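**Student:** My structure is below; once you've seen it, I'll send some questions.
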Amino acid sequence: MRPSEEVEKIKKLFPVGTRVRLIHMDDPQAIPDGTLGTVDHIDDDGQLHMKWDTIGSTLALIYGVDQFEII
């Protein structure tokens with residue numbers, strides 16, 4: 001679990017509604033690279049729960065692990 005100070009930093013960097021593009025996710029159920037999505041909420045562990053545009057998934061991004069950029 002991340003310290004609450006780090007979670008607050010992530011929430012400030014990626015407020016709800018932030019649009020992102022996935023660069024790469026190293027996960028067996030990975031979203032395809034290049035997929036666009038919107039931050040839906042950030043949980044108490046700092047994971048960014050997403051509404052992905054084209055695939056209907058809500059798979060979360062992990063800050064510092066998954067590669068993505070704000071668009």
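Residue numbers start at 1 in each chain; chains themselves are named A, B, ... in the order of the structure tokens; ligands are numbered from 1 in the order shown.
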Excluding Ser4 of chain A and its own-chain neighbours fewer than 4 positions away, which residues fall within 12 Å of it when counting only C-alpha atoms? Please give them as a PyMOL selection string.
**Tutor:** chain A and resi 8-11+42-46
**Student:** I need the strand (DSSP E) residues of chain A per DSSP on the backbone, written as a VMD selection string.
**Tutor:** chain A and resid 19 to 24 36 to 42 47 to 52 61 to 62 67 to 70
**Student:** Can you tell me which residues surround Asp40 of chain A at a distance of at most 9 Å, considering only C-alpha atoms, apart from same-chain residues fewer than 6 positions away, and format the answer as a CSV table (one decimal) with all heavy atoms, in the first residue's frame?
**Tutor:**
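Saved the output as result11.csv:
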chain,number,residue,atom,x,y,z
A,15,PRO,N,-6.2,14.2,-11.9
A,15,PRO,CA,-7.6,14.4,-11.4
A,15,PRO,C,-8.6,13.6,-12.2
A,15,PRO,O,-8.4,13.3,-13.4
A,15,PRO,CB,-7.8,15.9,-11.4
A,15,PRO,CG,-6.8,16.4,-12.3
A,15,PRO,CD,-5.7,15.5,-12.4
A,16,VAL,N,-9.7,13.3,-11.6
A,16,VAL,CA,-10.8,12.6,-12.3
A,16,VAL,C,-11.2,13.4,-13.6
A,16,VAL,O,-11.2,14.6,-13.6
A,16,VAL,CB,-12.1,12.5,-11.4
A,16,VAL,CG1,-13.3,12.1,-12.2
A,16,VAL,CG2,-11.8,11.6,-10.2
A,17,GLY,N,-11.3,12.7,-14.7
A,17,GLY,CA,-11.6,13.3,-16.0
A,17,GLY,C,-10.3,13.5,-16.9
A,17,GLY,O,-10.5,13.8,-18.0
A,18,THR,N,-9.1,13.3,-16.3
A,18,THR,CA,-7.9,13.4,-17.1
A,18,THR,C,-7.9,12.4,-18.2
A,18,THR,O,-8.2,11.2,-18.0
A,18,THR,CB,-6.7,13.2,-16.2
A,18,THR,OG1,-6.7,14.2,-15.2
A,18,THR,CG2,-5.4,13.3,-17.0
A,48,LEU,N,-5.0,4.2,-10.8
A,48,LEU,CA,-5.9,5.0,-11.6
A,48,LEU,C,-6.9,4.1,-12.3
A,48,LEU,O,-6.6,3.3,-13.2
A,48,LEU,CB,-5.2,5.8,-12.7
A,48,LEU,CG,-4.3,6.9,-12.2
A,48,LEU,CD1,-3.0,6.4,-11.6
A,48,LEU,CD2,-4.0,7.8,-13.3
A,49,HIS,N,-8.2,4.1,-11.9
A,49,HIS,CA,-9.2,3.3,-12.5
A,49,HIS,C,-9.8,4.1,-13.7
A,49,HIS,O,-10.1,5.3,-13.5
A,49,HIS,CB,-10.3,3.0,-11.4
A,49,HIS,CG,-9.8,2.1,-10.4
A,49,HIS,ND1,-10.0,0.7,-10.5
A,49,HIS,CD2,-9.1,2.3,-9.3
A,49,HIS,CE1,-9.4,0.1,-9.4
A,49,HIS,NE2,-8.8,1.1,-8.7
A,50,MET,N,-9.8,3.4,-14.8
A,50,MET,CA,-10.1,4.0,-16.1
A,50,MET,C,-11.4,3.7,-16.7
A,50,MET,O,-11.9,2.6,-16.4
A,50,MET,CB,-9.0,3.6,-17.0
A,50,MET,CG,-7.6,3.9,-16.5
A,50,MET,SD,-7.2,5.7,-16.3
A,50,MET,CE,-7.5,6.3,-18.0
A,51,LYS,N,-11.9,4.5,-17.6
A,51,LYS,CA,-12.9,4.2,-18.5
A,51,LYS,C,-12.3,4.2,-19.9
A,51,LYS,O,-12.0,5.3,-20.4
A,51,LYS,CB,-14.1,5.2,-18.4
A,51,LYS,CG,-14.9,5.1,-17.2
A,51,LYS,CD,-16.1,6.1,-17.2
A,51,LYS,CE,-16.9,6.0,-16.0
A,51,LYS,NZ,-18.0,6.9,-16.0
A,58,THR,N,-12.4,-1.4,-17.4
A,58,THR,CA,-12.1,-0.5,-16.4
A,58,THR,C,-10.7,-0.9,-15.7
A,58,THR,O,-10.5,-0.4,-14.6
A,58,THR,CB,-13.2,-0.4,-15.3
A,58,THR,OG1,-13.4,-1.8,-14.8
A,58,THR,CG2,-14.5,0.1,-15.9
**Student:** So how many Å separate atom CA of Thr38 of chain A and atom CA of Ile70 of chain A, to one decimal?
**Tutor:** 9.7 Å
**Student:** Return the single residue from A:Gly34, A:Val20, A:Arg2, A:Leu13 that is closest to Leu61 of chain A, with distances computed using only C-alpha atoms.
**Tutor:**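 Going through A:Gly34, A:Val20, A:Arg2, A:Leu13 one by one, the smallest distance to Leu61 of chain A is for A:Val20.
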